[in-house]
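Asks: Data: upload-v6.pdb, PDB, C-alpha atoms.
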MODEL        1
ATOM      1  CA  MET W1132      -7.253 -11.790  27.587  1.00  0.00           C
ATOM      2  CA  SER W1133     -10.238  -9.599  28.614  1.00  0.00           C
ATOM      3  CA  GLY W1134      -7.939  -6.576  28.796  1.00  0.00           C
ATOM      4  CA  LEU W1135      -6.330  -7.247  25.429  1.00  0.00           C
ATOM      5  CA  PHE W1136      -8.841  -5.783  22.994  1.00  0.00           C
ATOM      6  CA  GLN W1137      -9.328  -2.238  24.222  1.00  0.00           C
ATOM      7  CA  VAL W1138      -8.469  -0.239  21.079  1.00  0.00           C
ATOM      8  CA  PRO W1139     -11.544   1.613  19.692  1.00  0.00           C
ATOM      9  CA  TRP W1140     -11.202   0.093  16.242  1.00  0.00           C
ATOM     10  CA  SER W1141     -14.345   1.795  14.962  1.00  0.00           C
ATOM     11  CA  ASP W1142     -12.502   5.112  15.236  1.00  0.00           C
ATOM     12  CA  TYR W1143      -9.773   3.840  12.920  1.00  0.00           C
ATOM     13  CA  GLN W1144     -11.903   1.870  10.458  1.00  0.00           C
ATOM     14  CA  SER W1145     -11.746   4.404   7.626  1.00  0.00           C
ATOM     15  CA  ASP W1146      -7.997   4.911   8.098  1.00  0.00           C
ATOM     16  CA  LEU W1147      -7.412   1.167   7.992  1.00  0.00           C
ATOM     17  CA  LEU W1148      -9.473   0.850   4.812  1.00  0.00           C
ATOM     18  CA  ASP W1149      -7.437   3.634   3.194  1.00  0.00           C
ATOM     19  CA  ALA W1150      -4.221   1.920   4.294  1.00  0.00           C
ATOM     20  CA  LEU W1151      -5.487  -1.389   2.909  1.00  0.00           C
ATOM     21  CA  GLY W1152      -6.229   0.269  -0.423  1.00  0.00           C
ATOM     22  CA  ARG W1153      -2.738   1.756  -0.522  1.00  0.00           C
ATOM     23  CA  THR W1154      -1.187  -1.624   0.271  1.00  0.00           C
ATOM     24  CA  VAL W1155      -3.094  -3.211  -2.612  1.00  0.00           C
ATOM     25  CA  SER W1156      -2.106  -0.316  -4.900  1.00  0.00           C
ATOM     26  CA  TYR W1157       1.571  -0.707  -4.034  1.00  0.00           C
ATOM     27  CA  THR W1158       1.298  -4.439  -4.681  1.00  0.00           C
ATOM     28  CA  VAL W1159      -0.490  -4.251  -8.034  1.00  0.00           C
ATOM     29  CA  VAL W1160       1.586  -1.427  -9.528  1.00  0.00           C
ATOM     30  CA  SER W1161       4.885  -2.864  -8.302  1.00  0.00           C
ATOM     31  CA  PHE W1162       4.123  -6.405  -9.441  1.00  0.00           C
ATOM     32  CA  VAL W1163       3.118  -5.329 -12.946  1.00  0.00           C
ATOM     33  CA  GLY W1164       6.262  -3.218 -13.229  1.00  0.00           C
ATOM     34  CA  ALA W1165       8.438  -6.021 -11.843  1.00  0.00           C
ATOM     35  CA  VAL W1166       7.003  -8.543 -14.322  1.00  0.00           C
ATOM     36  CA  LEU W1167       7.632  -6.260 -17.298  1.00  0.00           C
ATOM     37  CA  LEU W1168      11.138  -5.293 -16.184  1.00  0.00           C
ATOM     38  CA  GLY W1169      11.949  -8.869 -15.188  1.00  0.00           C
ATOM     39  CA  LEU W1170      10.892 -10.181 -18.598  1.00  0.00           C
ATOM     40  CA  ALA W1171      13.031  -7.546 -20.333  1.00  0.00           C
ATOM     41  CA  VAL W1172      16.051  -8.438 -18.193  1.00  0.00           C
ATOM     42  CA  ALA W1173      15.478 -12.151 -18.828  1.00  0.00           C
ATOM     43  CA  LEU W1174      15.444 -11.575 -22.585  1.00  0.00           C
ATOM     44  CA  LEU W1175      18.670  -9.585 -22.284  1.00  0.00           C
ATOM     45  CA  ARG W1176      20.233 -12.474 -20.354  1.00  0.00           C
ATOM     46  CA  LEU W1177      19.292 -14.769 -23.240  1.00  0.00           C
ATOM     47  CA  SER W1178      20.521 -12.367 -25.909  1.00  0.00           C
ATOM     48  CA  LYS W1179      23.315 -13.373 -28.259  1.00  0.00           C
ATOM     49  CA  ALA W1180      25.032 -10.012 -27.725  1.00  0.00           C
ATOM     50  CA  TRP W1181      27.436 -10.264 -24.796  1.00  0.00           C
ATOM     51  CA  PRO W1182      27.127  -6.569 -23.751  1.00  0.00           C
ATOM     52  CA  ALA W1183      23.384  -7.057 -23.222  1.00  0.00           C
ATOM     53  CA  ARG W1184      24.011 -10.232 -21.245  1.00  0.00           C
ATOM     54  CA  ALA W1185      26.650  -8.471 -19.137  1.00  0.00           C
ATOM     55  CA  VAL W1186      24.388  -5.525 -18.284  1.00  0.00           C
ATOM     56  CA  ALA W1187      21.510  -7.830 -17.355  1.00  0.00           C
ATOM     57  CA  ALA W1188      23.781 -10.055 -15.261  1.00  0.00           C
ATOM     58  CA  VAL W1189      25.169  -7.069 -13.339  1.00  0.00           C
ATOM     59  CA  TYR W1190      21.660  -5.751 -12.678  1.00  0.00           C
ATOM     60  CA  THR W1191      20.447  -9.129 -11.454  1.00  0.00           C
ATOM     61  CA  GLU W1192      23.392  -9.761  -9.155  1.00  0.00           C
ATOM     62  CA  VAL W1193      23.340  -6.253  -7.678  1.00  0.00           C
ATOM     63  CA  PHE W1194      19.670  -6.187  -6.761  1.00  0.00           C
ATOM     64  CA  LYS W1195      19.615  -9.802  -5.600  1.00  0.00           C
ATOM     65  CA  ASN W1196      22.358  -9.072  -3.085  1.00  0.00           C
ATOM     66  CA  VAL W1197      21.240  -5.681  -1.738  1.00  0.00           C
ATOM     67  CA  PRO W1198      18.539  -5.614   1.002  1.00  0.00           C
ATOM     68  CA  LEU W1199      15.170  -4.237   0.005  1.00  0.00           C
ATOM     69  CA  LEU W1200      15.279  -1.811   2.919  1.00  0.00           C
ATOM     70  CA  ALA W1201      18.495  -0.286   1.574  1.00  0.00           C
ATOM     71  CA  ILE W1202      16.896   0.112  -1.865  1.00  0.00           C
ATOM     72  CA  ILE W1203      13.895   1.880  -0.292  1.00  0.00           C
ATOM     73  CA  PHE W1204      16.205   4.300   1.512  1.00  0.00           C
ATOM     74  CA  LEU W1205      18.196   4.923  -1.676  1.00  0.00           C
ATOM     75  CA  ALA W1206      15.062   5.600  -3.716  1.00  0.00           C
ATOM     76  CA  TYR W1207      13.440   7.940  -1.196  1.00  0.00           C
ATOM     77  CA  PHE W1208      16.290   9.593   0.727  1.00  0.00           C
ATOM     78  CA  GLY W1209      19.298   8.969  -1.521  1.00  0.00           C
ATOM     79  CA  LEU W1210      17.785  10.293  -4.756  1.00  0.00           C
ATOM     80  CA  ALA W1211      16.373  13.306  -2.880  1.00  0.00           C
ATOM     81  CA  SER W1212      19.861  14.240  -1.648  1.00  0.00           C
ATOM     82  CA  ALA W1213      21.050  14.066  -5.267  1.00  0.00           C
ATOM     83  CA  GLY W1214      18.342  16.494  -6.400  1.00  0.00           C
ATOM     84  CA  LEU W1215      15.759  13.939  -7.621  1.00  0.00           C
ATOM     85  CA  ARG W1216      12.885  14.030  -5.144  1.00  0.00           C
ATOM     86  CA  LEU W1217      10.257  11.308  -5.582  1.00  0.00           C
ATOM     87  CA  ASP W1218       6.940  11.143  -3.780  1.00  0.00           C
ATOM     88  CA  VAL W1219       6.416   8.269  -1.370  1.00  0.00           C
ATOM     89  CA  PHE W1220       4.253   6.196  -3.719  1.00  0.00           C
ATOM     90  CA  THR W1221       6.665   6.496  -6.645  1.00  0.00           C
ATOM     91  CA  ALA W1222       9.714   5.767  -4.499  1.00  0.00           C
ATOM     92  CA  GLY W1223       8.026   2.783  -2.859  1.00  0.00           C
ATOM     93  CA  CYS W1224       6.876   1.266  -6.144  1.00  0.00           C
ATOM     94  CA  LEU W1225      10.245   1.896  -7.779  1.00  0.00           C
ATOM     95  CA  SER W1226      12.030   0.130  -4.924  1.00  0.00           C
ATOM     96  CA  LEU W1227       9.780  -2.911  -5.119  1.00  0.00           C
ATOM     97  CA  VAL W1228       9.955  -3.034  -8.913  1.00  0.00           C
ATOM     98  CA  VAL W1229      13.748  -3.021  -9.237  1.00  0.00           C
ATOM     99  CA  PHE W1230      14.146  -5.471  -6.345  1.00  0.00           C
ATOM    100  CA  TYR W1231      11.628  -8.093  -7.435  1.00  0.00           C
ATOM    101  CA  ALA W1232      12.424  -7.732 -11.133  1.00  0.00           C
ATOM    102  CA  ALA W1233      15.855  -9.199 -10.401  1.00  0.00           C
ATOM    103  CA  TYR W1234      14.311 -12.366  -8.950  1.00  0.00           C
ATOM    104  CA  LEU W1235      11.564 -12.594 -11.555  1.00  0.00           C
ATOM    105  CA  SER W1236      14.134 -12.258 -14.339  1.00  0.00           C
ATOM    106  CA  GLU W1237      15.849 -15.409 -13.091  1.00  0.00           C
ATOM    107  CA  ILE W1238      12.531 -17.236 -12.925  1.00  0.00           C
ATOM    108  CA  PHE W1239      11.618 -16.120 -16.454  1.00  0.00           C
ATOM    109  CA  ARG W1240      15.058 -16.895 -17.841  1.00  0.00           C
ATOM    110  CA  SER W1241      14.934 -20.414 -16.435  1.00  0.00           C
ATOM    111  CA  ALA W1242      11.415 -20.962 -17.765  1.00  0.00           C
ATOM    112  CA  ILE W1243      12.247 -19.708 -21.274  1.00  0.00           C
ATOM    113  CA  SER W1244      15.444 -21.761 -21.372  1.00  0.00           C
ATOM    114  CA  GLY W1245      13.433 -24.793 -20.273  1.00  0.00           C
ATOM    115  CA  VAL W1246      11.367 -24.794 -23.474  1.00  0.00           C
ATOM    116  CA  HIS W1247      12.827 -27.448 -25.769  1.00  0.00           C
ATOM    117  CA  ALA W1248      14.698 -26.144 -28.813  1.00  0.00           C
ATOM    118  CA  GLY W1249      12.563 -28.400 -31.000  1.00  0.00           C
ATOM    119  CA  GLN W1250       9.594 -26.127 -30.283  1.00  0.00           C
ATOM    120  CA  THR W1251      11.428 -23.206 -31.879  1.00  0.00           C
ATOM    121  CA  GLU W1252      12.373 -25.362 -34.849  1.00  0.00           C
ATOM    122  CA  ALA W1253       8.736 -26.387 -35.234  1.00  0.00           C
ATOM    123  CA  GLY W1254       7.701 -22.745 -35.271  1.00  0.00           C
ATOM    124  CA  GLU W1255      10.284 -21.975 -37.930  1.00  0.00           C
ATOM    125  CA  ALA W1256       8.994 -24.888 -40.002  1.00  0.00           C
ATOM    126  CA  LEU W1257       5.530 -23.338 -39.847  1.00  0.00           C
ATOM    127  CA  GLY W1258       6.915 -20.082 -41.210  1.00  0.00           C
ATOM    128  CA  LEU W1259       6.632 -18.039 -38.019  1.00  0.00           C
ATOM    129  CA  GLY W1260       9.011 -15.146 -37.405  1.00  0.00           C
ATOM    130  CA  ARG W1261      11.017 -14.649 -34.215  1.00  0.00           C
ATOM    131  CA  ALA W1262       8.260 -12.600 -32.583  1.00  0.00           C
ATOM    132  CA  GLY W1263       5.616 -15.120 -33.595  1.00  0.00           C
ATOM    133  CA  ILE W1264       7.653 -18.057 -32.310  1.00  0.00           C
ATOM    134  CA  PHE W1265       8.225 -16.336 -28.983  1.00  0.00           C
ATOM    135  CA  GLY W1266       4.640 -15.136 -28.577  1.00  0.00           C
ATOM    136  CA  HIS W1267       2.791 -18.240 -29.803  1.00  0.00           C
ATOM    137  CA  VAL W1268       5.180 -21.100 -29.071  1.00  0.00           C
ATOM    138  CA  VAL W1269       7.788 -20.292 -26.416  1.00  0.00           C
ATOM    139  CA  LEU W1270       5.960 -17.867 -24.126  1.00  0.00           C
ATOM    140  CA  PRO W1271       2.837 -20.003 -23.427  1.00  0.00           C
ATOM    141  CA  GLN W1272       5.027 -22.945 -22.413  1.00  0.00           C
ATOM    142  CA  ALA W1273       7.376 -20.737 -20.397  1.00  0.00           C
ATOM    143  CA  VAL W1274       4.448 -19.228 -18.486  1.00  0.00           C
ATOM    144  CA  ARG W1275       3.432 -22.680 -17.318  1.00  0.00           C
ATOM    145  CA  GLN W1276       6.913 -23.292 -15.917  1.00  0.00           C
ATOM    146  CA  ALA W1277       7.342 -19.815 -14.435  1.00  0.00           C
ATOM    147  CA  LEU W1278       3.965 -19.685 -12.707  1.00  0.00           C
ATOM    148  CA  PRO W1279       4.924 -21.316  -9.353  1.00  0.00           C
ATOM    149  CA  GLY W1280       7.890 -19.020  -8.745  1.00  0.00           C
ATOM    150  CA  THR W1281       6.006 -15.953  -9.974  1.00  0.00           C
ATOM    151  CA  ASN W1282       3.109 -16.684  -7.631  1.00  0.00           C
ATOM    152  CA  THR W1283       5.511 -16.940  -4.700  1.00  0.00           C
ATOM    153  CA  MET W1284       7.073 -13.591  -5.618  1.00  0.00           C
ATOM    154  CA  LEU W1285       3.643 -11.924  -5.740  1.00  0.00           C
ATOM    155  CA  VAL W1286       2.740 -13.018  -2.219  1.00  0.00           C
ATOM    156  CA  ASP W1287       6.201 -12.084  -0.972  1.00  0.00           C
ATOM    157  CA  LEU W1288       5.916  -8.645  -2.590  1.00  0.00           C
ATOM    158  CA  LEU W1289       2.600  -8.076  -0.842  1.00  0.00           C
ATOM    159  CA  LYS W1290       4.210  -8.822   2.508  1.00  0.00           C
ATOM    160  CA  SER W1291       7.241  -6.694   1.692  1.00  0.00           C
ATOM    161  CA  THR W1292       5.082  -3.589   1.328  1.00  0.00           C
ATOM    162  CA  SER W1293       5.225  -3.518   5.136  1.00  0.00           C
ATOM    163  CA  LEU W1294       8.848  -2.335   4.861  1.00  0.00           C
ATOM    164  CA  LEU W1295       7.567   0.918   3.395  1.00  0.00           C
ATOM    165  CA  VAL W1296       6.655   1.874   6.965  1.00  0.00           C
ATOM    166  CA  THR W1297      10.213   3.247   7.135  1.00  0.00           C
ATOM    167  CA  VAL W1298       9.242   6.064   4.743  1.00  0.00           C
ATOM    168  CA  SER W1299       5.716   6.541   6.149  1.00  0.00           C
ATOM    169  CA  ALA W1300       4.019   5.228   3.030  1.00  0.00           C
ATOM    170  CA  ALA W1301       0.538   5.233   4.652  1.00  0.00           C
ATOM    171  CA  GLU W1302       0.103   1.477   4.064  1.00  0.00           C
ATOM    172  CA  LEU W1303      -1.077  -1.010   6.667  1.00  0.00           C
ATOM    173  CA  MET W1304       2.067  -1.138   8.774  1.00  0.00           C
ATOM    174  CA  SER W1305       2.362   2.653   8.795  1.00  0.00           C
ATOM    175  CA  GLU W1306      -1.232   2.926   9.957  1.00  0.00           C
ATOM    176  CA  GLY W1307      -0.516   0.351  12.647  1.00  0.00           C
ATOM    177  CA  ARG W1308       2.374   2.460  13.899  1.00  0.00           C
ATOM    178  CA  LEU W1309       0.133   5.536  14.083  1.00  0.00           C
ATOM    179  CA  ILE W1310      -2.551   3.646  15.999  1.00  0.00           C
ATOM    180  CA  THR W1311       0.091   2.297  18.389  1.00  0.00           C
ATOM    181  CA  SER W1312       1.386   5.818  19.018  1.00  0.00           C
ATOM    182  CA  ALA W1313      -2.134   6.988  19.832  1.00  0.00           C
ATOM    183  CA  THR W1314      -3.241   4.065  22.005  1.00  0.00           C
ATOM    184  CA  PHE W1315      -0.002   2.537  23.368  1.00  0.00           C
ATOM    185  CA  ARG W1316      -1.520  -0.914  22.693  1.00  0.00           C
ATOM    186  CA  ALA W1317       1.294  -2.343  20.563  1.00  0.00           C
ATOM    187  CA  LEU W1318       0.470  -6.027  21.083  1.00  0.00           C
ATOM    188  CA  GLU W1319      -3.175  -5.652  20.146  1.00  0.00           C
ATOM    189  CA  VAL W1320      -2.537  -3.341  17.212  1.00  0.00           C
ATOM    190  CA  TYR W1321       0.157  -5.443  15.578  1.00  0.00           C
ATOM    191  CA  LEU W1322      -1.844  -8.627  16.155  1.00  0.00           C
ATOM    192  CA  VAL W1323      -4.696  -7.074  14.195  1.00  0.00           C
ATOM    193  CA  ILE W1324      -2.356  -5.787  11.466  1.00  0.00           C
ATOM    194  CA  SER W1325      -0.815  -9.263  11.196  1.00  0.00           C
ATOM    195  CA  ALA W1326      -4.288 -10.781  10.933  1.00  0.00           C
ATOM    196  CA  ILE W1327      -5.133  -8.382   8.083  1.00  0.00           C
ATOM    197  CA  TYR W1328      -1.960  -9.367   6.222  1.00  0.00           C
ATOM    198  CA  PHE W1329      -2.857 -13.035   6.701  1.00  0.00           C
ATOM    199  CA  ALA W1330      -6.391 -12.374   5.438  1.00  0.00           C
ATOM    200  CA  LEU W1331      -4.820 -10.862   2.310  1.00  0.00           C
ATOM    201  CA  CYS W1332      -1.997 -13.317   1.678  1.00  0.00           C
ATOM    202  CA  TYR W1333      -3.617 -16.679   2.428  1.00  0.00           C
ATOM    203  CA  PRO W1334      -6.598 -16.407   0.037  1.00  0.00           C
ATOM    204  CA  LEU W1335      -4.304 -14.915  -2.607  1.00  0.00           C
ATOM    205  CA  SER W1336      -1.862 -17.817  -2.308  1.00  0.00           C
ATOM    206  CA  GLN W1337      -4.722 -20.331  -2.550  1.00  0.00           C
ATOM    207  CA  LEU W1338      -6.175 -18.626  -5.631  1.00  0.00           C
ATOM    208  CA  LEU W1339      -2.767 -18.598  -7.270  1.00  0.00           C
ATOM    209  CA  LEU W1340      -2.328 -22.286  -6.435  1.00  0.00           C
ATOM    210  CA  LEU W1341      -5.698 -23.005  -8.058  1.00  0.00           C
ATOM    211  CA  LEU W1342      -4.638 -21.020 -11.121  1.00  0.00           C
ATOM    212  CA  GLU W1343      -1.396 -22.977 -11.290  1.00  0.00           C
ATOM    213  CA  ARG W1344      -3.270 -26.280 -11.186  1.00  0.00           C
ATOM    214  CA  LYS W1345      -5.637 -25.162 -13.940  1.00  0.00           C
ATOM    215  CA  VAL W1346      -2.762 -24.090 -16.168  1.00  0.00           C
ATOM    216  CA  ARG W1347      -0.926 -27.363 -15.596  1.00  0.00           C
ATOM    217  CA  ALA W1348      -4.094 -29.268 -16.447  1.00  0.00           C
ATOM    218  CA  GLY W1349      -4.318 -27.402 -19.738  1.00  0.00           C
ATOM    219  CA  VAL W1350      -7.512 -25.515 -18.893  1.00  0.00           C
ATOM    220  CA  PRO W1351      -7.823 -22.489 -21.227  1.00  0.00           C
ATOM    221  CA  LEU W1352      -8.058 -19.305 -19.158  1.00  0.00           C
ATOM    222  CA  SER W1353      -8.770 -16.600 -21.725  1.00  0.00           C
ATOM    223  CA  PRO W1354     -12.145 -16.372 -23.548  1.00  0.00           C
ATOM    224  CA  TRP W1355     -10.297 -16.439 -26.884  1.00  0.00           C
ATOM    225  CA  ARG W1356      -8.601 -19.736 -26.074  1.00  0.00           C
ATOM    226  CA  ARG W1357     -11.835 -21.189 -24.710  1.00  0.00           C
ATOM    227  CA  ARG W1358     -13.594 -20.381 -27.981  1.00  0.00           C
ATOM    228  CA  ARG W1359     -10.797 -21.995 -29.949  1.00  0.00           C
ATOM    229  CA  MET W1360     -10.915 -25.115 -27.768  1.00  0.00           C
ATOM    230  CA  ARG W1361     -14.698 -25.299 -28.145  1.00  0.00           C
ATOM    231  CA  ALA W1362     -14.423 -24.945 -31.921  1.00  0.00           C
ATOM    232  CA  ALA W1363     -11.728 -27.639 -32.034  1.00  0.00           C
ATOM    233  CA  ARG W1364     -13.903 -30.042 -30.007  1.00  0.00           C
ATOM    234  CA  GLU W1365     -16.886 -29.416 -32.262  1.00  0.00           C
ATOM    235  CA  LEU W1366     -14.724 -29.973 -35.338  1.00  0.00           C
ATOM    236  CA  LEU W1367     -13.368 -33.242 -33.941  1.00  0.00           C
ATOM    237  CA  ALA W1368     -16.844 -34.358 -32.917  1.00  0.00           C
ATOM    238  CA  GLY W1369     -18.094 -33.593 -36.446  1.00  0.00           C
ATOM    239  CA  ASP W1370     -15.253 -35.617 -37.974  1.00  0.00           C
ATOM    240  CA  VAL W1371     -16.038 -38.548 -35.683  1.00  0.00           C
ATOM    241  CA  ARG W1372     -19.741 -38.449 -36.571  1.00  0.00           C
ATOM    242  CA  GLY W1373     -18.896 -38.185 -40.265  1.00  0.00           C
ATOM    243  CA  GLY W1374     -16.583 -41.182 -40.015  1.00  0.00           C
ATOM    244  CA  ARG W1375     -19.275 -43.233 -38.310  1.00  0.00           C
ATOM    245  CA  ASP W1376     -21.817 -42.366 -41.015  1.00  0.00           C
ATOM    246  CA  ILE W1377     -19.387 -43.473 -43.711  1.00  0.00           C
ATOM    247  CA  ASP W1378     -18.763 -46.744 -41.867  1.00  0.00           C
ATOM    248  CA  ARG W1379     -22.500 -47.396 -41.649  1.00  0.00           C
ATOM    249  CA  LYS W1380     -22.996 -46.717 -45.371  1.00  0.00           C
ATOM    250  CA  GLU W1381     -20.135 -49.047 -46.269  1.00  0.00           C
ATOM    251  CA  ALA W1382     -21.528 -51.714 -43.967  1.00  0.00           C
ATOM    252  CA  THR W1383     -24.974 -51.335 -45.614  1.00  0.00           C
ATOM    253  CA  VAL W1384     -23.489 -51.667 -49.092  1.00  0.00           C
TER     254      VAL W1384
ENDMDL
END
What does this structure look like when you write it as structure tokens?
Replies:
Amino acid sequence: MSGLFQVPWSDYQSDLLDALGRTVSYTVVSFVGAVLLGLAVALLRLSKAWPARAVAAVYTEVFKNVPLLAIIFLAYFGLASAGLRLDVFTAGCLSLVVFYAAYLSEIFRSAISGVHAGQTEAGEALGLGRAGIFGHVVLPQAVRQALPGTNTMLVDLLKSTSLLVTVSAAELMSEGRLITSATFRALEVYLVISAIYFALCYPLSQLLLLLERKVRAGVPLSPWRRRRMRAARELLAGDVRGGRDIDRKEATV
């Protein structure tokens, strides 16, 4: 083991930090895009118009059954041969977005369908429109059900950025390949790269698990909801105190 760690890592520290930043950038941009596209596809799958459902179903089945590596090659090399040349970052993010949106759309569709129809009827009874019912009644409950699967997809997307090494995307795995070419210490280099991925993915998965538990417990996460919950508690506490005062007065009389 004494001869294992012989790579001068201090020489590559800045390059590794740049690669780490690119990996995080790929993850954040791709996940946001995948969530938005996945939600749109899920709503199309739930549409009453059969052409919309058909288009969404075809999209989902195609990208669920094509390897991510093939999609990366199509986005970077295939589109370039057809006259549409994308830079590495755009092609990498596009590949991850269209791939993971297919899986997230199924998660979102299942979560939205899992909200009881009585909730929609209750929203209609309160006079809410379709957008209001979806935004204030259906979506908050669907988020709670979709959170576990969405969290898993986020961690998986972070790990899948390593496949962008095939197009030299300058992320962690690409930097590991460059260091290996310079030092010929493949075992050491890829052990360190694997450790960096673990240091990224494990805390992220634990934070997401904590978030999931808080949401299931009904803990308000946004400041706006916390203020509303605080105001509701104060209002209830005031009603309880007022009721007790009335009881005391009646008892005195």
Asks: Given the file above and the PyMOL selection byres ((chain W and resi 1307) around 10), which residues are selected, and can you give them as a PyMOL selection string?
Replies: chain W and resi 1143+1146-1147+1150+1296+1301-1306+1308-1313+1317+1319-1325
Asks: Counting only C-alpha atoms, what is within 12 Å of Ala1201 (chain W), bar same-chain residues fewer than 4 positions away, as a PDB file with C-alpha atoms, in the coordinates of the input?
Replies:
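Saved the output as part_25.pdb:
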ATOM      1  CA  PHE W1194      19.670  -6.187  -6.761  1.00  0.00           C
ATOM      2  CA  LYS W1195      19.615  -9.802  -5.600  1.00  0.00           C
ATOM      3  CA  ASN W1196      22.358  -9.072  -3.085  1.00  0.00           C
ATOM      4  CA  VAL W1197      21.240  -5.681  -1.738  1.00  0.00           C
ATOM      5  CA  LEU W1205      18.196   4.923  -1.676  1.00  0.00           C
ATOM      6  CA  ALA W1206      15.062   5.600  -3.716  1.00  0.00           C
ATOM      7  CA  TYR W1207      13.440   7.940  -1.196  1.00  0.00           C
ATOM      8  CA  PHE W1208      16.290   9.593   0.727  1.00  0.00           C
ATOM      9  CA  GLY W1209      19.298   8.969  -1.521  1.00  0.00           C
ATOM     10  CA  GLY W1223       8.026   2.783  -2.859  1.00  0.00           C
ATOM     11  CA  SER W1226      12.030   0.130  -4.924  1.00  0.00           C
ATOM     12  CA  LEU W1227       9.780  -2.911  -5.119  1.00  0.00           C
ATOM     13  CA  PHE W1230      14.146  -5.471  -6.345  1.00  0.00           C
ATOM     14  CA  LEU W1294       8.848  -2.335   4.861  1.00  0.00           C
ATOM     15  CA  LEU W1295       7.567   0.918   3.395  1.00  0.00           C
ATOM     16  CA  THR W1297      10.213   3.247   7.135  1.00  0.00           C
ATOM     17  CA  VAL W1298       9.242   6.064   4.743  1.00  0.00           C
TER      18      VAL W1298
END
Asks: Can you pull out the residues contacting Thr1283 (chain W)? Cut-off 12 Å, using only C-alpha atoms, and skip same-chain residues under 2 positions away; I want them as a list in words.
Replies: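 My reading of the contact set: Phe1162, Tyr1231, Tyr1234, Leu1235, Ile1238, Ala1277, Leu1278, Pro1279, Gly1280, Thr1281, Leu1285, Val1286, Asp1287, Leu1288, Leu1289, Lys1290, Cys1332, Tyr1333, Leu1335, Ser1336, Gln1337, Leu1338, Leu1339, Leu1340 and Glu1343 of chain W.
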Asks: Expanded to explicit residues, what is the PyMOL selection byres ((chain W and resi 1239) around 9) for this file, as a ChimeraX atom specification?
Replies: /W:1169-1170,1173-1174,1234-1238,1240-1244,1273-1274,1276-1277,1281
Asks: From the options W:Ala1300, W:Ala1362, W:Val1246, W:Ala1171, which residue's atoms come nearest to Arg1275 (chain W), counting all atoms listed in the file?
Replies: W:Val1246
Asks: My structure is short of atoms at region 1334-1338 of chain W; please model all heavy atoms there, returning them as a PDB file, keeping the file's coordinate frame.
Replies:
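Result written to selection31.pdb:
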ATOM      1  N   PRO W1334      -5.703 -16.165   1.182  1.00  0.00           N
ATOM      2  CA  PRO W1334      -6.598 -16.407   0.037  1.00  0.00           C
ATOM      3  C   PRO W1334      -5.903 -16.182  -1.297  1.00  0.00           C
ATOM      4  O   PRO W1334      -6.159 -16.907  -2.263  1.00  0.00           O
ATOM      5  CB  PRO W1334      -7.733 -15.394   0.255  1.00  0.00           C
ATOM      6  CG  PRO W1334      -7.681 -15.057   1.694  1.00  0.00           C
ATOM      7  CD  PRO W1334      -6.243 -15.134   2.083  1.00  0.00           C
ATOM      8  N   LEU W1335      -5.020 -15.169  -1.356  1.00  0.00           N
ATOM      9  CA  LEU W1335      -4.304 -14.915  -2.607  1.00  0.00           C
ATOM     10  C   LEU W1335      -3.434 -16.108  -2.986  1.00  0.00           C
ATOM     11  O   LEU W1335      -3.414 -16.539  -4.155  1.00  0.00           O
ATOM     12  CB  LEU W1335      -3.442 -13.656  -2.465  1.00  0.00           C
ATOM     13  CG  LEU W1335      -2.557 -13.308  -3.661  1.00  0.00           C
ATOM     14  CD1 LEU W1335      -3.403 -13.040  -4.899  1.00  0.00           C
ATOM     15  CD2 LEU W1335      -1.669 -12.113  -3.346  1.00  0.00           C
ATOM     16  N   SER W1336      -2.719 -16.663  -2.017  1.00  0.00           N
ATOM     17  CA  SER W1336      -1.862 -17.817  -2.308  1.00  0.00           C
ATOM     18  C   SER W1336      -2.683 -19.018  -2.748  1.00  0.00           C
ATOM     19  O   SER W1336      -2.266 -19.768  -3.644  1.00  0.00           O
ATOM     20  CB  SER W1336      -1.018 -18.166  -1.080  1.00  0.00           C
ATOM     21  OG  SER W1336      -1.840 -18.548   0.007  1.00  0.00           O
ATOM     22  N   GLN W1337      -3.870 -19.204  -2.159  1.00  0.00           N
ATOM     23  CA  GLN W1337      -4.722 -20.331  -2.550  1.00  0.00           C
ATOM     24  C   GLN W1337      -5.297 -20.137  -3.946  1.00  0.00           C
ATOM     25  O   GLN W1337      -5.392 -21.083  -4.733  1.00  0.00           O
ATOM     26  CB  GLN W1337      -5.855 -20.508  -1.535  1.00  0.00           C
ATOM     27  CG  GLN W1337      -5.388 -20.915  -0.152  1.00  0.00           C
ATOM     28  CD  GLN W1337      -4.559 -22.180  -0.166  1.00  0.00           C
ATOM     29  OE1 GLN W1337      -4.999 -23.219  -0.671  1.00  0.00           O
ATOM     30  NE2 GLN W1337      -3.363 -22.112   0.383  1.00  0.00           N
ATOM     31  N   LEU W1338      -5.677 -18.907  -4.282  1.00  0.00           N
ATOM     32  CA  LEU W1338      -6.175 -18.626  -5.631  1.00  0.00           C
ATOM     33  C   LEU W1338      -5.085 -18.834  -6.679  1.00  0.00           C
ATOM     34  O   LEU W1338      -5.334 -19.376  -7.760  1.00  0.00           O
ATOM     35  CB  LEU W1338      -6.705 -17.195  -5.700  1.00  0.00           C
ATOM     36  CG  LEU W1338      -8.045 -16.932  -5.021  1.00  0.00           C
ATOM     37  CD1 LEU W1338      -8.368 -15.444  -5.032  1.00  0.00           C
ATOM     38  CD2 LEU W1338      -9.163 -17.719  -5.692  1.00  0.00           C
TER      39      LEU W1338
END
